[in-house]
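Notes follow the structure.
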Amino acid sequence: MNKMPVKEINDPKKPPKGWLESVKEWPAITKNYIAELKLEMKRVTWPNRKQVESTTAIVILTVFAFAAYFKVVDSVLGQAIAGVQKAFTK
């Protein structure tokens with residue numbers, strides 16, 4: 001496989017390439033990127049089903065807890081603002 005490091009392509013010491021030359025390099029750059037992506041994806045440790053289910057449950061419960069908290073804060077602040085408006089409009 002022909003690896004073309006990004007440093008070599010974007011080396012500031014080399015004179016700037018024309019637009020057409022840089023377009024010609026896109027397929028090689030893209031192929032290199034996809035090859036590295038596949039290699040990296042093989043290294044990933046994927047969670048098992050039990051881990052996914054438990055973390056999903058935690059996220060859902062946390063979302064509901066924050067929703068309840070913000071509902072309470074919104075109600076309290078809404079009543080406080082309404083009370084201040086009522087006091088100033090008398």
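Ligands are numbered from 1 in the order shown, chains are lettered A, B, ... in the order of the structure tokens, and residues start at 1 in each chain.
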Tell me, which residues of range 7-75 of chain A carry DSSP helix (DSSP H, G or I), written as number ranges by chain?
A: 7-9, 19-43, 49-75
